[in-house]
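Heads up: the structure comes next, in structure tokens.
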Number of protein chains: 2
Amino acid sequence: MSEANRVQALLPRGCTPLENAVGTAPGIAARRGECHIFCLPGVPSEMKRMFEDHLRSPISAGGTAEPLVVRALHTFGSAEAEVAQRIEHLMRPGRNPAVGTTASDAVISVRIVARAEGDASAEALADRDVAEVRGLLGDLIFGAGEDTLATAVARRLVARRETVSTAESCTGGLLAKCLTDISGSSAYFLRGYITYANDAKIELVGVPQELIEREGAVSAEVARAMAEGCRLRARSDYALSITGIAGPTGGTTEKPVGLVFVGLADSAGSEVKQCLFGAHLSREAIRDRACKTALNMLRLRPLK
Amino acid sequence: MSEANRVQALLPRGCTPLENAVGTAPGIAARRGECHIFCLPGVPSEMKRMFEDHLRSPISAGGTAEPLVVRALHTFGSAEAEVAQRIEHLMRPGRNPAVGTTASDAVISVRIVARAEGDASAEALADRDVAEVRGLLGDLIFGAGEDTLATAVARRLVARRETVSTAESCTGGLLAKCLTDISGSSAYFLRGYITYANDAKIELVGVPQELIEREGAVSAEVARAMAEGCRLRARSDYALSITGIAGPTGGTTEKPVGLVFVGLADSAGSEVKQCLFGAHLSREAIRDRACKTALNMLRLRPLK
């Protein structure tokens, strides 16, 4: 029996197999009266790919008569309530497009869902709101659709043929990981130092030992020295640094869990941002917010 | 009006608020006849915490008469089919405990669900299978319950007061991030080098330039040199290194996407593992598998 026949033989009667381009388990398509039935494997990466390959087009074709256009704009650096307040008049119930906000790990997204008689009209309606939201939220917006803070930073660096390096303490490599999540990141990412122990801060990026003794490893001064030392050693256009207390242990009254200093250095100088992430956040969330803050500082750093 | 009253006033009649220890939105508890109703916020970290705080105990108390004991053992380094084959006789349908396997990002877990008249009997039944599965799967098993490969490695390092450092290329910091996900990781993690560009490999961990030119940056020889150079510079007991092609671009016929070399150095010497992760895997999955392979090598490294 051929491979194709064997697969066929295991299918429920009247069903057709759906090819799985990224795994071994095929999907199943069937129809019962008006109803289309699709069965996909549970592995998320396979399910998503097969949705794109086999389902998106029939669903779009057989969907509602009214075309629906969905746009998303992503912001960082402001609370959901503040973002919502600035676009309040677009968010009233029943309006078309429908505009709303969602929050995911400190990224506040604005979703615009437009309906109209034709594709072009729905697109135009959505475009008009996108432009208005962009005007109202300005550089709080770092991207649209599938953009992340890292892709926004990557776009800036690639466009200007600039490079970045990192010196991380409490984030332990997460910032560099985010910057290298993107294929082709070797165009802008040169190297990273994970200066977890104090002697690593001293040896790898040249933080003066007396500075650590005087100010503490978690301090604005050490964050600045890490960024400046990292940039010099890596010979990169920018350097980002992070030092903080990710918790849940290690906090003190003076330096509580969630206290993080983020540094940025370039040829124009350096800046440090002090953050105090909420005590209710997990270690994972504090590390995530610290990295996003660093990426956002680089995104917003004035051009030279 | 007091804060408590204001919250109370916004609750549906007959409901009680559930305190949210890690966020601002309270939950709601209600009862309708036999049915308990719990409403929790959608933020996963808040929902999970509130489930533990408010729901687990009433649900356990009001649950089925038969106690149910669930155990999970986690393995790495073998395919799900191979793991299942070795414990096949425990997996037959209808057996008590019910034993099955699940796969999540290359971690194959064995789940044991035991039912019995009393708690102690269910525990004993589960324990017996846990012991048998441990015997059959041996050191494929890296942990149980909430364990990850990183916590398994951390346990070994903390118990022996040993330290580790990392030198990463294609994983870009993810390995160090995994090792520092755990609170208290400064006890064993000293520093990490993210040697993304070739000159970073040469300058930071002393990989000879001619070695890179002769063997290529993605090679067993460079992985070994990275691990050995990293260990010397960090003065750590162990060093782990990763160099590979995470894709989706950058692959060649000789060195395809998914080819990764993982190195480990300690005072006894060094070893390198060559991996070829499936071409259907995403960049994210290849980086994840590479880090897990490194952690697993350290977990299994013979004691000195």
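Chain labels A, B, ... are given in the sequence in which chains occur in the structure tokens; within each chain residues are numbered consecutively from 1, and ligands are likewise numbered from 1 in the order shown.
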Check which residues of chain A sit at most 8 Å from chain B using only C-alpha atoms, and return one row each with the closest pair of atoms and their distance in Å to one decimal, ordered by chain and rising number, as a Markdown table.
| residue | atom | partner | partner_atom | distance |
| --- | --- | --- | --- | --- |
| A:Ala21 | CA | B:His280 | CA | 7.8 |
| A:Val22 | CA | B:His280 | CA | 4.9 |
| A:Gly23 | CA | B:His280 | CA | 7.1 |
| A:Thr171 | CA | B:Lys177 | CA | 7.0 |
| A:Gly172 | CA | B:Lys177 | CA | 5.0 |
| A:Gly173 | CA | B:Gly173 | CA | 4.2 |
| A:Leu174 | CA | B:Lys177 | CA | 5.3 |
| A:Leu175 | CA | B:Gly173 | CA | 7.8 |
| A:Ala176 | CA | B:Gly173 | CA | 5.5 |
| A:Lys177 | CA | B:Gly173 | CA | 4.8 |
| A:Thr180 | CA | B:Gly172 | CA | 5.8 |
| A:Asp181 | CA | B:Glu284 | CA | 7.1 |
| A:Ser183 | CA | B:Gly247 | CA | 6.4 |
| A:Gly184 | CA | B:Thr249 | CA | 7.4 |
| A:Ser186 | CA | B:Tyr196 | CA | 6.9 |
| A:Phe189 | CA | B:Tyr196 | CA | 7.2 |
| A:Leu190 | CA | B:Ala197 | CA | 5.2 |
| A:Arg191 | CA | B:Thr195 | CA | 5.2 |
| A:Gly192 | CA | B:Ile194 | CA | 4.6 |
| A:Tyr193 | CA | B:Tyr193 | CA | 5.2 |
| A:Ile194 | CA | B:Gly192 | CA | 4.6 |
| A:Thr195 | CA | B:Arg191 | CA | 5.2 |
| A:Tyr196 | CA | B:Arg191 | CA | 5.2 |
| A:Ala197 | CA | B:Leu190 | CA | 5.2 |
| A:Ala200 | CA | B:Arg191 | CA | 6.2 |
| A:Ala234 | CA | B:Ala200 | CA | 7.9 |
| A:Gly247 | CA | B:Ser183 | CA | 6.5 |
| A:Pro248 | CA | B:Ser183 | CA | 6.6 |
| A:Thr249 | CA | B:Ser183 | CA | 6.9 |
| A:His280 | CA | B:Val22 | CA | 4.7 |
| A:Leu281 | CA | B:Val22 | CA | 7.1 |
| A:Arg283 | CA | B:Ser183 | CA | 7.6 |
| A:Glu284 | CA | B:Asp181 | CA | 7.1 |
Need the shell around segment 35-42 of chain B: protein/DNA/RNA residues with any atom at most 12 Å away, counting only C-alpha atoms. Skip same-chain ones fewer than 5 positions apart. Format as a PyMOL selection string? (chain A and resi 102-104) or (chain B and resi 11-12+14-30+47-56+58-59+62-63)
I need the residues of segment 76-141 of chain B that end up classed as strand (DSSP E or B) by DSSP on the backbone, written out as a PyMOL selection string. chain B and resi 76+98-104+107-115+141
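Put simply, atom CA of Ala106 of chain A is 16.5 Å away from atom CA of Val262 of chain A.
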Segment 88-99 of chain B: which residues within 6 Å, counting only C-alpha atoms, same-chain residues fewer than 3 positions away excluded, as a PyMOL selection string? chain B and resi 84-85+111-114
Take the residues from that selection and put them in a file with all heavy atoms, as an mmCIF file, in the first residue's frame.
data_model
loop_
_atom_site.group_PDB
_atom_site.id
_atom_site.type_symbol
_atom_site.label_atom_id
_atom_site.label_comp_id
_atom_site.auth_asym_id
_atom_site.auth_seq_id
_atom_site.Cartn_x
_atom_site.Cartn_y
_atom_site.Cartn_z
ATOM 1 N N ALA B 84 7.672 6.218 25.314
ATOM 2 C CA ALA B 84 6.429 5.460 25.447
ATOM 3 C C ALA B 84 6.690 3.954 25.330
ATOM 4 O O ALA B 84 6.097 3.148 26.061
ATOM 5 C CB ALA B 84 5.425 5.925 24.393
ATOM 6 N N GLN B 85 7.590 3.594 24.421
ATOM 7 C CA GLN B 85 7.879 2.171 24.226
ATOM 8 C C GLN B 85 8.441 1.530 25.503
ATOM 9 O O GLN B 85 8.099 0.399 25.831
ATOM 10 C CB GLN B 85 8.883 2.020 23.085
ATOM 11 C CG GLN B 85 8.892 0.634 22.477
ATOM 12 C CD GLN B 85 9.692 0.608 21.184
ATOM 13 O OE1 GLN B 85 10.546 1.457 20.961
ATOM 14 N NE2 GLN B 85 9.406 -0.361 20.338
ATOM 15 N N ARG B 111 2.982 11.255 32.690
ATOM 16 C CA ARG B 111 1.992 11.610 33.693
ATOM 17 C C ARG B 111 1.356 10.358 34.280
ATOM 18 O O ARG B 111 0.971 9.463 33.544
ATOM 19 C CB ARG B 111 0.917 12.515 33.088
ATOM 20 C CG ARG B 111 1.410 13.902 32.957
ATOM 21 C CD ARG B 111 0.524 14.904 32.295
ATOM 22 N NE ARG B 111 1.395 15.965 31.805
ATOM 23 C CZ ARG B 111 1.952 16.875 32.599
ATOM 24 N NH1 ARG B 111 1.671 16.907 33.888
ATOM 25 N NH2 ARG B 111 2.765 17.788 32.097
ATOM 26 N N ILE B 112 1.266 10.338 35.573
ATOM 27 C CA ILE B 112 0.719 9.193 36.298
ATOM 28 C C ILE B 112 -0.468 9.694 37.105
ATOM 29 O O ILE B 112 -0.314 10.581 37.949
ATOM 30 C CB ILE B 112 1.799 8.595 37.226
ATOM 31 C CG1 ILE B 112 2.942 8.014 36.366
ATOM 32 C CG2 ILE B 112 1.204 7.543 38.154
ATOM 33 C CD1 ILE B 112 4.260 7.938 37.095
ATOM 34 N N VAL B 113 -1.655 9.176 36.810
ATOM 35 C CA VAL B 113 -2.864 9.612 37.505
ATOM 36 C C VAL B 113 -3.449 8.409 38.237
ATOM 37 O O VAL B 113 -3.937 7.472 37.613
ATOM 38 C CB VAL B 113 -3.900 10.193 36.527
ATOM 39 C CG1 VAL B 113 -5.146 10.651 37.274
ATOM 40 C CG2 VAL B 113 -3.287 11.350 35.738
ATOM 41 N N ALA B 114 -3.371 8.447 39.570
ATOM 42 C CA ALA B 114 -3.822 7.309 40.379
ATOM 43 C C ALA B 114 -5.113 7.660 41.101
ATOM 44 O O ALA B 114 -5.272 8.755 41.632
ATOM 45 C CB ALA B 114 -2.739 6.940 41.386
#
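For the pair atom CA of Phe76 of chain B and atom CA of Val107 of chain B, the separation is 5.2 Å.
Rounded to one decimal, atom CA of Pro256 of chain B and atom CA of Gly77 of chain B lie 21.3 Å from each other.
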Applying 8 Å and only C-alpha atoms, which residues near segment 130-138 of chain A remain after dropping the ones on its own chain fewer than 4 positions away? List them as a list of chain:residue names. A:Arg71, A:Leu73, A:Val83, A:Arg86, A:Ile87, A:Ile112, A:Ala126
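Using only C-alpha atoms, the contacts of segment 212-225 of chain A at a cut-off of 6 Å, with sequence neighbours closer than 3 positions omitted, comprise Val207, Gln209, Glu228, Gly229, Ser241, Thr243, Gly244, Phe261 and Gly263 of chain A.
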Residues flagged alpha helix (DSSP H) by DSSP in segment 124-189 of chain B, as a ChimeraX atom specification: /B:124-137,149-159,174-179
